[in-house]
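A.B. asks: Supplied structure: work.tsv, TSV, C-alpha atoms.
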```tsv
chain	number	residue	atom	x	y	z
U	1	MET	CA	48.21	67.11	74.14
U	2	LYS	CA	49.06	70.04	71.89
U	3	VAL	CA	50.15	68.26	68.70
U	4	ILE	CA	48.86	64.98	67.29
U	5	LEU	CA	50.73	63.23	64.52
U	6	PHE	CA	48.90	60.67	62.41
U	7	ASP	CA	50.50	58.09	60.17
U	8	LEU	CA	48.56	57.61	56.95
U	9	ASP	CA	48.84	54.14	55.40
U	10	GLY	CA	47.24	51.58	57.68
U	11	THR	CA	46.20	54.29	60.14
U	12	LEU	CA	43.96	56.97	58.64
U	13	LEU	CA	43.84	55.00	55.40
U	14	PRO	CA	43.31	51.27	56.02
U	15	MET	CA	45.15	49.02	53.59
U	16	GLU	CA	46.97	45.74	53.16
U	17	GLN	CA	50.49	47.00	52.59
U	18	GLU	CA	51.74	44.18	50.36
U	19	THR	CA	48.71	44.38	48.08
U	20	PHE	CA	49.04	48.14	47.74
U	21	THR	CA	52.77	47.91	47.00
U	22	LYS	CA	52.22	45.24	44.34
U	23	MET	CA	49.54	47.29	42.58
U	24	TYR	CA	51.61	50.47	42.89
U	25	PHE	CA	54.56	48.95	41.05
U	26	LYS	CA	52.27	47.42	38.44
U	27	ALA	CA	50.71	50.80	37.71
U	28	LEU	CA	54.05	52.64	37.70
U	29	ALA	CA	55.64	50.08	35.39
U	30	GLY	CA	52.68	50.32	33.04
U	31	LYS	CA	53.08	54.08	32.86
U	32	LEU	CA	56.81	53.93	32.16
U	33	ALA	CA	56.98	50.89	29.87
U	34	PRO	CA	56.50	53.01	26.71
U	35	CYS	CA	59.56	55.02	27.78
U	36	GLY	CA	61.78	51.94	27.79
U	37	TYR	CA	61.71	51.00	31.46
U	38	ASP	CA	61.72	47.27	32.21
U	39	ALA	CA	59.26	46.52	35.03
U	40	ALA	CA	61.61	44.34	37.11
U	41	GLU	CA	64.56	46.71	36.77
U	42	LEU	CA	62.36	49.72	37.52
U	43	THR	CA	61.06	48.09	40.69
U	44	LYS	CA	64.60	47.35	41.87
U	45	ALA	CA	65.67	50.91	41.12
U	46	VAL	CA	62.75	52.44	43.05
U	47	TRP	CA	63.46	50.16	46.01
U	48	LYS	CA	67.11	51.17	45.91
U	49	GLY	CA	66.11	54.84	45.91
U	50	THR	CA	63.73	54.17	48.80
U	51	ALA	CA	66.47	52.44	50.79
U	52	ALA	CA	68.72	55.45	50.21
U	53	MET	CA	66.03	57.75	51.60
U	54	VAL	CA	65.57	55.57	54.66
U	55	ALA	CA	69.32	55.81	55.24
U	56	ASN	CA	69.38	59.60	54.72
U	57	ASP	CA	71.52	61.34	57.33
U	58	GLY	CA	69.71	64.66	57.16
U	59	SER	CA	72.26	66.40	54.96
U	60	ARG	CA	69.96	66.49	51.93
U	61	SER	CA	66.26	66.25	51.18
U	62	ASN	CA	64.84	62.81	50.59
U	63	GLU	CA	63.85	64.04	47.14
U	64	ASP	CA	67.46	64.73	46.17
U	65	VAL	CA	68.64	61.45	47.67
U	66	PHE	CA	66.06	59.46	45.72
U	67	TRP	CA	66.69	61.06	42.35
U	68	ASP	CA	70.47	60.98	42.67
U	69	THR	CA	70.26	57.26	43.48
U	70	PHE	CA	67.80	56.60	40.67
U	71	ALA	CA	69.89	58.57	38.17
U	72	ALA	CA	73.00	56.64	39.16
U	73	LEU	CA	71.25	53.61	37.64
U	74	TYR	CA	69.58	55.22	34.62
U	75	GLY	CA	71.79	58.22	33.89
U	76	THR	CA	70.47	61.57	32.66
U	77	LYS	CA	67.42	59.77	31.24
U	78	ALA	CA	66.05	59.62	34.78
U	79	TYR	CA	66.01	63.40	35.10
U	80	LYS	CA	64.55	63.83	31.61
U	81	ASP	CA	61.74	61.41	32.40
U	82	ARG	CA	60.94	62.88	35.77
U	83	ALA	CA	57.95	64.73	34.34
U	84	ILE	CA	56.42	61.35	33.47
U	85	PHE	CA	56.76	60.24	37.08
U	86	ASP	CA	55.08	63.47	38.17
U	87	ASP	CA	52.27	62.87	35.68
U	88	PHE	CA	51.83	59.36	37.08
U	89	TYR	CA	51.15	60.72	40.56
U	90	ARG	CA	48.85	63.46	39.28
U	91	ASN	CA	46.76	61.34	36.93
U	92	ASP	CA	47.35	57.59	37.35
U	93	PHE	CA	47.93	57.18	41.07
U	94	ASP	CA	44.19	57.48	41.81
U	95	SER	CA	43.70	54.06	40.21
U	96	LEU	CA	45.08	52.61	43.46
U	97	LYS	CA	42.31	54.08	45.58
U	98	ASP	CA	40.19	50.94	45.29
U	99	VAL	CA	43.04	48.87	46.77
U	100	CYS	CA	42.60	50.78	50.03
U	101	GLY	CA	39.81	50.69	52.55
U	102	TYR	CA	37.95	53.62	54.02
U	103	VAL	CA	37.08	54.51	57.60
U	104	PRO	CA	34.76	57.55	57.76
U	105	GLN	CA	35.64	58.03	61.44
U	106	ALA	CA	39.24	58.79	60.48
U	107	GLY	CA	38.45	62.03	58.70
U	108	GLN	CA	35.82	62.91	61.27
U	109	LEU	CA	38.25	62.43	64.14
U	110	VAL	CA	40.99	64.54	62.55
U	111	LYS	CA	38.57	67.39	61.85
U	112	LYS	CA	37.13	67.21	65.37
U	113	LEU	CA	40.59	67.33	66.93
U	114	LYS	CA	41.51	70.30	64.77
U	115	GLU	CA	38.33	72.14	65.76
U	116	SER	CA	39.13	71.53	69.43
U	117	GLY	CA	42.44	73.37	69.04
U	118	HIS	CA	44.95	70.62	68.37
U	119	GLN	CA	47.65	70.97	65.73
U	120	ILE	CA	47.39	67.96	63.44
U	121	ILE	CA	50.36	66.59	61.49
U	122	LEU	CA	50.19	64.08	58.67
U	123	ALA	CA	53.26	62.01	59.46
U	124	SER	CA	53.32	59.66	56.50
U	125	ASN	CA	56.75	58.22	55.77
U	126	PRO	CA	58.25	60.81	53.39
U	127	ILE	CA	59.27	58.48	50.58
U	128	PHE	CA	56.63	59.92	48.22
U	129	PRO	CA	56.27	63.37	46.65
U	130	MET	CA	53.70	65.73	48.15
U	131	VAL	CA	51.21	65.08	45.37
U	132	ALA	CA	51.09	61.39	46.34
U	133	GLN	CA	50.68	62.23	50.03
U	134	GLU	CA	47.79	64.55	49.16
U	135	LYS	CA	46.13	61.98	46.90
U	136	ARG	CA	46.11	59.32	49.63
U	137	MET	CA	44.93	61.89	52.15
U	138	VAL	CA	41.88	62.59	49.97
U	139	TRP	CA	41.17	58.85	49.73
U	140	ALA	CA	40.96	58.89	53.53
U	141	GLY	CA	38.39	61.71	53.46
U	142	LEU	CA	40.83	64.47	54.41
U	143	GLU	CA	42.21	67.65	52.87
U	144	VAL	CA	45.35	69.74	53.08
U	145	ALA	CA	43.66	72.32	55.30
U	146	ASP	CA	43.18	69.69	58.02
U	147	PHE	CA	46.91	69.68	58.77
U	148	VAL	CA	49.52	72.21	59.86
U	149	TRP	CA	52.30	70.06	58.41
U	150	ILE	CA	52.47	67.19	55.93
U	151	THR	CA	55.70	65.29	55.47
U	152	SER	CA	56.83	64.45	51.94
U	153	TYR	CA	60.12	63.67	50.27
U	154	GLU	CA	60.47	67.31	49.26
U	155	ASN	CA	60.40	68.73	52.81
U	156	SER	CA	62.01	65.91	54.81
U	157	SER	CA	65.60	64.80	55.34
U	158	TYR	CA	64.94	61.64	57.34
U	159	CYS	CA	62.56	58.68	57.15
U	160	LYS	CA	60.92	56.27	59.54
U	161	PRO	CA	62.14	54.42	61.57
U	162	ASN	CA	64.82	57.03	62.33
U	163	PRO	CA	63.81	58.96	65.49
U	164	GLN	CA	65.29	62.04	63.82
U	165	TYR	CA	62.30	62.02	61.48
U	166	TYR	CA	60.04	62.87	64.42
U	167	LEU	CA	62.47	65.38	65.89
U	168	GLU	CA	62.65	67.10	62.51
U	169	ILE	CA	58.87	67.50	62.50
U	170	ALA	CA	58.87	68.99	65.99
U	171	GLY	CA	61.56	71.43	64.92
U	172	LYS	CA	59.64	72.42	61.78
U	173	ILE	CA	56.52	73.39	63.71
U	174	GLY	CA	58.31	74.75	66.77
U	175	CYS	CA	57.17	72.41	69.52
U	176	GLU	CA	58.76	70.06	72.02
U	177	PRO	CA	58.50	66.29	71.41
U	178	LYS	CA	56.86	65.87	74.82
U	179	GLU	CA	53.95	67.98	73.53
U	180	CYS	CA	53.28	65.44	70.77
U	181	LEU	CA	51.34	62.22	70.38
U	182	LEU	CA	52.03	59.92	67.44
U	183	VAL	CA	49.29	57.57	66.26
U	184	GLY	CA	50.36	54.80	63.91
U	185	ASN	CA	49.95	51.15	63.01
U	186	HIS	CA	53.59	50.10	62.58
U	187	ALA	CA	55.24	48.73	65.72
U	188	THR	CA	58.70	49.75	64.52
U	189	GLU	CA	58.37	52.70	62.15
U	190	ASP	CA	55.76	54.54	64.19
U	191	MET	CA	56.44	53.54	67.76
U	192	VAL	CA	60.05	54.72	67.46
U	193	ALA	CA	58.54	58.17	68.04
U	194	LYS	CA	58.69	57.22	71.71
U	195	GLU	CA	62.50	57.28	71.46
U	196	ALA	CA	62.20	60.84	70.19
U	197	GLY	CA	60.34	61.79	73.36
U	198	MET	CA	56.79	61.66	72.01
U	199	GLN	CA	53.80	59.83	73.42
U	200	VAL	CA	52.48	57.08	71.16
U	201	PHE	CA	49.38	55.04	70.42
U	202	LEU	CA	49.62	51.85	68.36
U	203	LEU	CA	46.57	51.39	66.16
U	204	THR	CA	45.88	47.68	65.74
U	205	ASP	CA	43.25	47.62	62.97
U	206	CYS	CA	45.99	47.21	60.31
U	207	LEU	CA	48.82	46.33	62.67
U	208	ILE	CA	52.28	45.72	61.22
U	209	ASN	CA	54.77	44.08	63.56
U	210	SER	CA	57.26	42.47	61.20
U	211	ASP	CA	60.01	42.72	63.83
U	212	ASP	CA	57.86	40.84	66.36
U	213	LYS	CA	58.25	43.56	68.96
U	214	ASP	CA	56.66	43.37	72.39
U	215	ILE	CA	53.79	45.77	71.86
U	216	SER	CA	52.49	45.48	75.43
U	217	GLN	CA	54.65	48.52	76.26
U	218	TYR	CA	52.49	50.80	74.11
U	219	PRO	CA	48.97	52.15	74.56
U	220	ARG	CA	47.14	50.37	71.75
U	221	GLY	CA	43.83	49.28	70.33
U	222	ASN	CA	41.42	49.56	67.43
U	223	PHE	CA	39.99	52.78	66.06
U	224	GLY	CA	37.22	52.89	68.63
U	225	GLU	CA	39.72	52.44	71.46
U	226	LEU	CA	41.86	55.21	69.96
U	227	GLN	CA	38.95	57.62	70.21
U	228	LEU	CA	38.43	56.68	73.86
U	229	PHE	CA	42.16	57.13	74.50
U	230	LEU	CA	42.09	60.61	72.98
U	231	LYS	CA	39.08	61.57	75.07
U	232	GLU	CA	40.94	60.56	78.22
U	233	LEU	CA	43.88	62.76	77.21
```
What do you get writing this file as structure tokens?

C.D. replies:
Amino acid sequence: MKVILFDLDGTLLPMEQETFTKMYFKALAGKLAPCGYDAAELTKAVWKGTAAMVANDGSRSNEDVFWDTFAALYGTKAYKDRAIFDDFYRNDFDSLKDVCGYVPQAGQLVKKLKESGHQIILASNPIFPMVAQEKRMVWAGLEVADFVWITSYENSSYCKPNPQYYLEIAGKIGCEPKECLLVGNHATEDMVAKEAGMQVFLLTDCLINSDDKDISQYPRGNFGELQLFLKEL
């Protein structure tokens, strides 16, 4: 397998998604409260921007889609306050690190695969800016140099679970989907890579299967079983 794509949240970085999301919005609202943002309204606005990114048809970057949607609710104030959002990710986002777990083998595996000649992609759903992707990557014991491509809302025009998200990645790095393996913990968002022509492995340590899919169709297992699977490849 030439290219291996890894999801981040719940895959390389173990976490309980609902807990992380709750603490994320609490921290973001705390940062923006002095600027006049009501916590409940802010949360709704961010979710609306996120939904717009998920529905992106590829005609614009996710970044533009998010901010245009957000600004439609808050007006020009949104663009003026964007620097505060950026500062949040640079300086406050790290407060969420303790909400996440840590698996030393994750970073070790990625580095080992890279050393053995594989191209490694960080295929985290691109609803966050690059600075947030990089922060969470560091929490998982990784660094930018470990990857040949990292998806973020700046460089992506689709989101999971759209198969076009995976095809866009393949196009960016110049490979065929059949040359790729996607490793992720979400039965819908990650395993849809199979529809894009990629091989998949469903990591079950932090499994999310909110759509109650039949996961027997996918190679799957815990982190130890993933390492055995990769050895067999």

A.B. asks: If you count all atoms listed in the file, which residues fall within 12 Å of Gln108 in chain U, apart from same-chain ones fewer than 3 positions away, as a PyMOL selection string?

C.D. replies: chain U and resi 12+102-105+111-115+140-143+146+223+227

A.B. asks: Select, from U:Trp47, U:Phe147, U:Tyr153, U:Tyr158, the residue with the minimum atom-to-atom distance to Phe6 in chain U, counting only C-alpha atoms.

C.D. replies: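 Among the listed residues, the smallest separation from Phe6 in chain U belongs to U:Phe147.
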
A.B. asks: Go ahead and fit an axis-aligned box to every listed atom of range 201-210 of chain U plus 6 Å each side, and pass me the centre and edge lengths in Å, one decimal, as AutoDock Vina command-line options.

C.D. replies:
```
--center_x 50.3 --center_y 48.8 --center_z 65.4 --size_x 26.0 --size_y 24.6 --size_z 22.1
```

A.B. asks: Report, in Å to a single decimal, how far apart CA of Leu182 in chain U and CA of Leu233 in chain U are.

C.D. replies: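 Computing it gives 13.0 Å between the two atoms.
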
A.B. asks: Quick one: residues within 9 Å of range 26-36 of chain U, all atoms listed in the file counted, chain neighbours fewer than 4 positions away excluded, as a PyMOL selection string?

C.D. replies: chain U and resi 21-22+40+42-43+81+84-85+88+92-93+95-96

A.B. asks: For the atom pair CA of Asp68 in chain U and CA of Asn125 in chain U, what is the interatomic distance in Å to one decimal place?

C.D. replies: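 Interatomic distance here is 19.2 Å.
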
A.B. asks: Around the point (68.4, 56.5, 35.5) (coordinates from the file), which residues reach within 12 Å if we count only C-alpha atoms? Answer as a ChimeraX atom specification.

C.D. replies: /U:35-38,41-42,44-46,48-49,66-82

A.B. asks: Print the selection's residues with C-alpha atoms to a file, as a PDB file, keeping the file's coordinate frame.

C.D. replies:
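Contents of out03.pdb, freshly written:
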```pdb
ATOM      1  CA  CYS U  35      59.560  55.020  27.780  1.00  0.00           C
ATOM      2  CA  GLY U  36      61.780  51.940  27.790  1.00  0.00           C
ATOM      3  CA  TYR U  37      61.710  51.000  31.460  1.00  0.00           C
ATOM      4  CA  ASP U  38      61.720  47.270  32.210  1.00  0.00           C
ATOM      5  CA  GLU U  41      64.560  46.710  36.770  1.00  0.00           C
ATOM      6  CA  LEU U  42      62.360  49.720  37.520  1.00  0.00           C
ATOM      7  CA  LYS U  44      64.600  47.350  41.870  1.00  0.00           C
ATOM      8  CA  ALA U  45      65.670  50.910  41.120  1.00  0.00           C
ATOM      9  CA  VAL U  46      62.750  52.440  43.050  1.00  0.00           C
ATOM     10  CA  LYS U  48      67.110  51.170  45.910  1.00  0.00           C
ATOM     11  CA  GLY U  49      66.110  54.840  45.910  1.00  0.00           C
ATOM     12  CA  PHE U  66      66.060  59.460  45.720  1.00  0.00           C
ATOM     13  CA  TRP U  67      66.690  61.060  42.350  1.00  0.00           C
ATOM     14  CA  ASP U  68      70.470  60.980  42.670  1.00  0.00           C
ATOM     15  CA  THR U  69      70.260  57.260  43.480  1.00  0.00           C
ATOM     16  CA  PHE U  70      67.800  56.600  40.670  1.00  0.00           C
ATOM     17  CA  ALA U  71      69.890  58.570  38.170  1.00  0.00           C
ATOM     18  CA  ALA U  72      73.000  56.640  39.160  1.00  0.00           C
ATOM     19  CA  LEU U  73      71.250  53.610  37.640  1.00  0.00           C
ATOM     20  CA  TYR U  74      69.580  55.220  34.620  1.00  0.00           C
ATOM     21  CA  GLY U  75      71.790  58.220  33.890  1.00  0.00           C
ATOM     22  CA  THR U  76      70.470  61.570  32.660  1.00  0.00           C
ATOM     23  CA  LYS U  77      67.420  59.770  31.240  1.00  0.00           C
ATOM     24  CA  ALA U  78      66.050  59.620  34.780  1.00  0.00           C
ATOM     25  CA  TYR U  79      66.010  63.400  35.100  1.00  0.00           C
ATOM     26  CA  LYS U  80      64.550  63.830  31.610  1.00  0.00           C
ATOM     27  CA  ASP U  81      61.740  61.410  32.400  1.00  0.00           C
ATOM     28  CA  ARG U  82      60.940  62.880  35.770  1.00  0.00           C
TER      29      ARG U  82
END
```

A.B. asks: Using all atoms listed in the file, which residues sit within 6 Å of range 132-135 of chain U once same-chain residues fewer than 3 positions away are excluded, as a list in words?

C.D. replies: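 In the requested form, the answer reads Tyr89, Pro129 and Val138 of chain U.
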
A.B. asks: Do a neighbour search on Glu16 in chain U at 9 Å with all atoms listed in the file, toss out local chain neighbours closer than 6 positions, and write the hits as a VMD selection string.

C.D. replies: chain U and resid 9 to 10 99 to 101 206

A.B. asks: Report, in Å with one decimal, the straight-line distance from CA of Phe229 in chain U to CA of Pro126 in chain U.

C.D. replies: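 Interatomic distance, CA of Phe229 in chain U to CA of Pro126 in chain U: 26.8 Å.
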
A.B. asks: Counting only C-alpha atoms, which residue out of U:Cys159, U:Ala170, U:Leu181, U:Ala106 sits closest to Pro14 in chain U?

C.D. replies: U:Ala106

A.B. asks: Determine the nearest neighbour of Asn62 in chain U from the options U:Cys175, U:Ile127, U:Val110, U:Leu122, counting only C-alpha atoms.

C.D. replies: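 When distances to Asn62 in chain U are compared using only C-alpha atoms, the smallest one comes from U:Ile127.
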
A.B. asks: Excluding Thr188 in chain U and residues on its chain fewer than 3 positions from it, collect all residues at most 12 Å away from it, counting all atoms listed in the file, and give them as JSON, numbers by chain.

C.D. replies: {"U": [160, 161, 162, 163, 184, 185, 191, 192, 193, 194, 195, 200, 202, 207, 208, 209, 210, 211, 212, 213, 214, 215, 218]}

A.B. asks: Go through U:Phe25, U:Gly197, U:Ile4, U:Glu18 one by one, measure the shortest atom-to-atom distance of each to Ala39 in chain U using all atoms listed in the file, and give the residue with the smallest value.

C.D. replies: U:Phe25
